[in-house]
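Asker: Below is one structure. I have some questions about it.
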Amino acid sequence: MGKTADLTAVQKAIIDTLKQEGKTQKEISERIGCSQSAVSRHLSGKSVGRKKCGRKRCTTRRGDRTLRKIVEKDRFQTLGDLRKQWTESGVETSRATVYRRVQEMGYRCRIPQVKPLLNQKQRQKRLTWATEKQHWTVAQWSKVLFSDESKFCMSFGNQGARVWRKTGEREIPKCLKSSVKYPQSVMVWGAMSAAVNAASYQEILEHFMLPSAEKLYGDEDFIFQHDLAPAHSAKTTGKWFTDHGITVLNWPANSPDLNPIENLWNIVKRKLRDARPNTLDELKAAIEASWASITPQQCHRLIASMPRRIEAVISAKGFPTKY
């Protein structure tokens, strides 16, 4: 019988049981296959585990606390940035060690949520708008024709900087990536366009929105929704709606989370990642096919989500929401 390692929980339970049955330490040790001294140490309460072996930890608790402060200061730093700052604080380690310590602290490297950059005035307008629409029913929202443009490009691989965050921190402000509007290149609004200005936007409304509205609503009244892009808020565009007798829904700035059509764009773009078009014509065809695959049930569910979106904005006091 050789030397015995730490006793398992099962072995300890058997020792206790056999001892109660009146067995001697020698009989117990022969029964479970360990040394008599191990049985004796367990029964006397002196049993201790083996000392841990392996390489000594190369960082101290104080050093680890410093690293935590560095991560918390800016969640969007790369692993190289973290190592550089940690080294400057006096802790010389490898990238692998930095990664292990960050993991031990509960941080994971994730693609950040993208949210609009809202100032206090915009948040207040969103909150006021949501409060005014708080009691709208799904039937009322069904009368709204939502619209939007979305940018599509040939490459889907570049997703930008990543963020260090813990479980449950997906929506906290310091882990969000602010979205800022820039001039768009290839845009989609029911048709492809290289750019959208006031004149071309009115042409899109004339040739695509009006036929769609007539098909969807017939002779019934409807409310048209669009955001506050320059082409949409131009005086000539406002006159076009007045001349055509169309009611336009007032809309708060930088509020894609309130527009259910944004969810449809996400569905289309997810499908395009699998399609991987190589030419502009293939891209157009893939967009049309993806859009055509969206079911009426999906649209109904998104329209039915409007009351929840409104409540979410009110609860968030005008800040961006998960939608």
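If you're wondering about the labels, chains in the structure tokens are A, B, ... by order shown, residues count from 1 in each chain, ligands from 1 in order shown.
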I want to know what sits within 12 Å of range 62-79 of chain A, based on only C-alpha atoms, with residues of the same chain fewer than 6 positions away left out; could you give that as an mmCIF file with N, CA and C atoms, in the first residue's frame?
Answerer:
```cif
data_model
loop_
_atom_site.group_PDB
_atom_site.id
_atom_site.type_symbol
_atom_site.label_atom_id
_atom_site.label_comp_id
_atom_site.auth_asym_id
_atom_site.auth_seq_id
_atom_site.Cartn_x
_atom_site.Cartn_y
_atom_site.Cartn_z
ATOM 1 N N GLN A 85 -0.201 50.336 -19.716
ATOM 2 C CA GLN A 85 -0.488 51.138 -18.527
ATOM 3 C C GLN A 85 -0.152 50.384 -17.246
ATOM 4 N N TRP A 86 -0.379 49.083 -17.253
ATOM 5 C CA TRP A 86 -0.058 48.284 -16.068
ATOM 6 C C TRP A 86 1.448 48.261 -15.848
ATOM 7 N N THR A 87 2.200 48.172 -16.943
ATOM 8 C CA THR A 87 3.667 48.195 -16.853
ATOM 9 C C THR A 87 4.149 49.542 -16.314
ATOM 10 N N GLU A 88 3.529 50.625 -16.796
ATOM 11 C CA GLU A 88 3.901 51.966 -16.327
ATOM 12 C C GLU A 88 3.615 52.148 -14.839
ATOM 13 N N SER A 89 2.651 51.365 -14.323
ATOM 14 C CA SER A 89 2.340 51.461 -12.889
ATOM 15 C C SER A 89 3.283 50.630 -12.035
ATOM 16 N N GLY A 90 4.168 49.851 -12.720
ATOM 17 C CA GLY A 90 5.156 49.072 -11.983
ATOM 18 C C GLY A 90 4.968 47.572 -12.009
ATOM 19 N N VAL A 91 4.014 47.096 -12.790
ATOM 20 C CA VAL A 91 3.764 45.650 -12.873
ATOM 21 C C VAL A 91 4.179 45.171 -14.261
ATOM 22 N N GLU A 92 5.272 44.436 -14.341
ATOM 23 C CA GLU A 92 5.801 43.941 -15.611
ATOM 24 C C GLU A 92 5.282 42.534 -15.853
ATOM 25 N N THR A 93 4.405 42.366 -16.847
ATOM 26 C CA THR A 93 3.823 41.050 -17.143
ATOM 27 C C THR A 93 3.671 40.868 -18.645
ATOM 28 N N SER A 94 3.281 39.659 -19.034
ATOM 29 C CA SER A 94 3.028 39.359 -20.439
ATOM 30 C C SER A 94 1.576 39.684 -20.790
ATOM 31 N N ARG A 95 1.281 39.722 -22.091
ATOM 32 C CA ARG A 95 -0.102 39.937 -22.541
ATOM 33 C C ARG A 95 -1.012 38.820 -22.034
ATOM 34 N N ALA A 96 -0.478 37.600 -21.996
ATOM 35 C CA ALA A 96 -1.281 36.460 -21.543
ATOM 36 C C ALA A 96 -1.700 36.627 -20.084
ATOM 37 N N THR A 97 -0.769 37.136 -19.264
ATOM 38 C CA THR A 97 -1.094 37.360 -17.854
ATOM 39 C C THR A 97 -2.154 38.449 -17.709
ATOM 40 N N VAL A 98 -2.018 39.529 -18.486
ATOM 41 C CA VAL A 98 -3.014 40.601 -18.443
ATOM 42 C C VAL A 98 -4.392 40.030 -18.791
ATOM 43 N N TYR A 99 -4.431 39.219 -19.849
ATOM 44 C CA TYR A 99 -5.709 38.637 -20.282
ATOM 45 C C TYR A 99 -6.303 37.745 -19.193
ATOM 46 N N ARG A 100 -5.459 36.909 -18.540
ATOM 47 C CA ARG A 100 -5.954 36.021 -17.482
ATOM 48 C C ARG A 100 -6.506 36.823 -16.303
ATOM 49 N N ARG A 101 -5.783 37.889 -15.909
ATOM 50 C CA ARG A 101 -6.241 38.681 -14.765
ATOM 51 C C ARG A 101 -7.568 39.380 -15.085
ATOM 52 N N VAL A 102 -7.689 39.902 -16.289
ATOM 53 C CA VAL A 102 -8.938 40.574 -16.674
ATOM 54 C C VAL A 102 -10.095 39.565 -16.685
ATOM 55 N N GLN A 103 -9.819 38.363 -17.161
ATOM 56 C CA GLN A 103 -10.834 37.307 -17.163
ATOM 57 C C GLN A 103 -11.241 36.933 -15.739
ATOM 58 N N GLU A 104 -10.238 36.828 -14.860
ATOM 59 C CA GLU A 104 -10.510 36.493 -13.458
ATOM 60 C C GLU A 104 -11.412 37.528 -12.792
ATOM 61 N N MET A 105 -11.291 38.773 -13.229
ATOM 62 C CA MET A 105 -12.111 39.851 -12.661
ATOM 63 C C MET A 105 -13.542 39.838 -13.199
ATOM 64 N N GLY A 106 -13.797 38.979 -14.174
ATOM 65 C CA GLY A 106 -15.147 38.862 -14.708
ATOM 66 C C GLY A 106 -15.387 39.607 -15.999
ATOM 67 N N TYR A 107 -14.347 40.279 -16.544
ATOM 68 C CA TYR A 107 -14.522 41.032 -17.783
ATOM 69 C C TYR A 107 -14.388 40.109 -18.993
ATOM 70 N N ARG A 108 -15.181 40.368 -20.014
ATOM 71 C CA ARG A 108 -15.092 39.647 -21.268
ATOM 72 C C ARG A 108 -15.015 40.665 -22.402
ATOM 73 N N CYS A 109 -14.276 40.322 -23.452
ATOM 74 C CA CYS A 109 -14.105 41.232 -24.586
ATOM 75 C C CYS A 109 -15.282 41.036 -25.542
ATOM 76 N N ARG A 110 -16.126 42.053 -25.692
ATOM 77 C CA ARG A 110 -17.357 41.941 -26.459
ATOM 78 C C ARG A 110 -17.495 43.093 -27.460
ATOM 79 N N ILE A 111 -18.298 42.864 -28.504
ATOM 80 C CA ILE A 111 -18.648 43.931 -29.436
ATOM 81 C C ILE A 111 -19.650 44.837 -28.730
ATOM 82 N N PRO A 112 -19.397 46.139 -28.649
ATOM 83 C CA PRO A 112 -20.284 47.020 -27.877
ATOM 84 C C PRO A 112 -21.614 47.279 -28.564
ATOM 85 N N GLY A 160 -15.367 47.224 -35.660
ATOM 86 C CA GLY A 160 -14.792 48.263 -34.826
ATOM 87 C C GLY A 160 -14.236 47.770 -33.500
ATOM 88 N N ALA A 161 -14.027 48.744 -32.610
ATOM 89 C CA ALA A 161 -13.427 48.458 -31.309
ATOM 90 C C ALA A 161 -14.327 47.584 -30.449
ATOM 91 N N ARG A 162 -13.684 46.839 -29.541
ATOM 92 C CA ARG A 162 -14.431 46.005 -28.601
ATOM 93 C C ARG A 162 -14.376 46.610 -27.212
ATOM 94 N N VAL A 163 -15.227 46.100 -26.329
ATOM 95 C CA VAL A 163 -15.340 46.661 -24.989
ATOM 96 C C VAL A 163 -15.179 45.556 -23.953
ATOM 97 N N TRP A 164 -14.529 45.902 -22.833
ATOM 98 C CA TRP A 164 -14.415 44.964 -21.707
ATOM 99 C C TRP A 164 -15.622 45.171 -20.801
ATOM 100 N N ARG A 165 -16.432 44.149 -20.641
ATOM 101 C CA ARG A 165 -17.606 44.279 -19.782
ATOM 102 C C ARG A 165 -17.905 42.959 -19.100
ATOM 103 N N LYS A 166 -18.640 43.060 -17.979
ATOM 104 C CA LYS A 166 -19.050 41.891 -17.218
ATOM 105 C C LYS A 166 -20.469 41.487 -17.603
ATOM 106 N N GLU A 169 -23.718 43.934 -17.975
ATOM 107 C CA GLU A 169 -23.292 45.316 -18.191
ATOM 108 C C GLU A 169 -23.488 45.776 -19.636
ATOM 109 N N ARG A 170 -24.230 45.013 -20.421
ATOM 110 C CA ARG A 170 -24.377 45.310 -21.844
ATOM 111 C C ARG A 170 -24.946 46.708 -22.120
ATOM 112 N N ILE A 172 -25.049 49.416 -19.843
ATOM 113 C CA ILE A 172 -24.612 50.547 -19.026
ATOM 114 C C ILE A 172 -23.844 51.535 -19.909
ATOM 115 N N PRO A 173 -23.987 52.843 -19.631
ATOM 116 C CA PRO A 173 -23.430 53.870 -20.521
ATOM 117 C C PRO A 173 -21.956 53.710 -20.871
ATOM 118 N N LYS A 174 -21.103 53.342 -19.888
ATOM 119 C CA LYS A 174 -19.665 53.292 -20.191
ATOM 120 C C LYS A 174 -19.280 52.093 -21.052
ATOM 121 N N CYS A 175 -20.234 51.188 -21.320
ATOM 122 C CA CYS A 175 -19.963 50.055 -22.201
ATOM 123 C C CYS A 175 -20.634 50.210 -23.561
ATOM 124 N N LEU A 176 -21.279 51.365 -23.796
ATOM 125 C CA LEU A 176 -21.970 51.605 -25.060
ATOM 126 C C LEU A 176 -21.078 52.388 -26.007
ATOM 127 N N LYS A 177 -21.258 52.134 -27.278
ATOM 128 C CA LYS A 177 -20.559 52.879 -28.314
ATOM 129 C C LYS A 177 -21.555 53.851 -28.930
#
```
Asker: Any chance you could tabulate, as a tab-separated table, the residues of range 282-311 of chain A at most 12 Å from range 136-155 of chain A with each one's nearest atom pair and distance in Å to one decimal, using only C-alpha atoms, in chain and rising number order?
Answerer:
```
residue	atom	partner	partner_atom	distance
A:Glu282	CA	A:Met154	CA	9.6
A:Leu283	CA	A:Met154	CA	7.2
A:Lys284	CA	A:Phe152	CA	9.3
A:Ala286	CA	A:Phe152	CA	10.9
A:Ile287	CA	A:Phe152	CA	8.7
A:Cys299	CA	A:Ser142	CA	10.0
A:His300	CA	A:Ser142	CA	8.3
A:Arg301	CA	A:Val138	CA	10.1
A:Leu302	CA	A:Ser142	CA	10.2
A:Ile303	CA	A:Ser142	CA	6.5
A:Ala304	CA	A:Val138	CA	5.5
A:Ser305	CA	A:Val138	CA	8.2
A:Met306	CA	A:Trp141	CA	7.2
A:Pro307	CA	A:Trp136	CA	7.2
A:Arg308	CA	A:Val138	CA	10.4
A:Arg309	CA	A:Trp136	CA	11.6
A:Ile310	CA	A:Trp136	CA	9.4
A:Glu311	CA	A:Trp136	CA	11.2
```
Asker: Got a sec to tell me which of range 37-239 of chain A DSSP assigns to alpha helix (DSSP H), as a VMD selection string?
Answerer: chain A and resid 37 to 44 61 to 73 79 to 88 95 to 104 120 to 132 138 to 141 198 to 204 210 to 217 230 to 233 235 to 239
Asker: Measure the distance from CA of Trp240 in chain A to CA of Ile204 in chain A in Å and round it to one decimal.
Answerer: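 Interatomic distance, CA of Trp240 in chain A to CA of Ile204 in chain A: 11.9 Å.
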Asker: What's around Pro252 in chain A at 9 Å? Count only C-alpha atoms, leave out sequence neighbours fewer than 2 positions away in its own chain, and write the answer as JSON, numbers by chain.
Answerer: {"A": [122, 123, 125, 126, 129, 227, 228, 250, 254, 255]}
Asker: Using DSSP secondary structure from the backbone, list all strand (DSSP E) positions within range 56-299 of chain A, as a ChimeraX atom specification.
Answerer: /A:108-110,113-116,144-146,150-151,163-165,176-179,187-188,192-193,223-225,247-248
Asker: Would you save the residues of that selection, restricted to C-alpha atoms, as a tab-separated table (two decimals), in the first residue's frame?
Answerer:
```tsv
chain	number	residue	atom	x	y	z
A	108	ARG	CA	-15.09	39.65	-21.27
A	109	CYS	CA	-14.10	41.23	-24.59
A	110	ARG	CA	-17.36	41.94	-26.46
A	113	GLN	CA	-23.91	48.00	-28.27
A	114	VAL	CA	-24.25	51.05	-30.53
A	115	LYS	CA	-26.52	53.80	-29.21
A	116	PRO	CA	-27.22	57.34	-30.46
A	144	VAL	CA	-48.62	54.74	-38.82
A	145	LEU	CA	-46.56	54.05	-41.92
A	146	PHE	CA	-42.99	53.83	-40.58
A	150	SER	CA	-30.43	52.23	-44.13
A	151	LYS	CA	-26.87	51.99	-45.36
A	163	VAL	CA	-15.34	46.66	-24.99
A	164	TRP	CA	-14.42	44.96	-21.71
A	165	ARG	CA	-17.61	44.28	-19.78
A	176	LEU	CA	-21.97	51.61	-25.06
A	177	LYS	CA	-20.56	52.88	-28.31
A	178	SER	CA	-22.18	56.17	-29.36
A	179	SER	CA	-23.41	56.36	-32.93
A	187	MET	CA	-28.81	53.94	-49.10
A	188	VAL	CA	-32.02	51.91	-49.30
A	192	MET	CA	-31.41	51.78	-54.13
A	193	SER	CA	-29.95	55.29	-54.17
A	223	ILE	CA	-49.91	58.87	-40.46
A	224	PHE	CA	-46.48	58.93	-42.08
A	225	GLN	CA	-43.36	58.61	-39.94
A	247	THR	CA	-50.25	63.83	-41.74
A	248	VAL	CA	-46.64	63.45	-40.55
```
Asker: Which one of A:Ala229, A:Ile28, A:Val313, A:Ile261 sits closest to Thr128 in chain A if you count only C-alpha atoms?
Answerer: A:Val313
Asker: Go ahead and compute the interatomic distance for CA of Ile294 in chain A and CA of Ala275 in chain A, in Å to one decimal.
Answerer: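 Atom-to-atom, CA of Ile294 in chain A and CA of Ala275 in chain A are spaced 15.9 Å apart.
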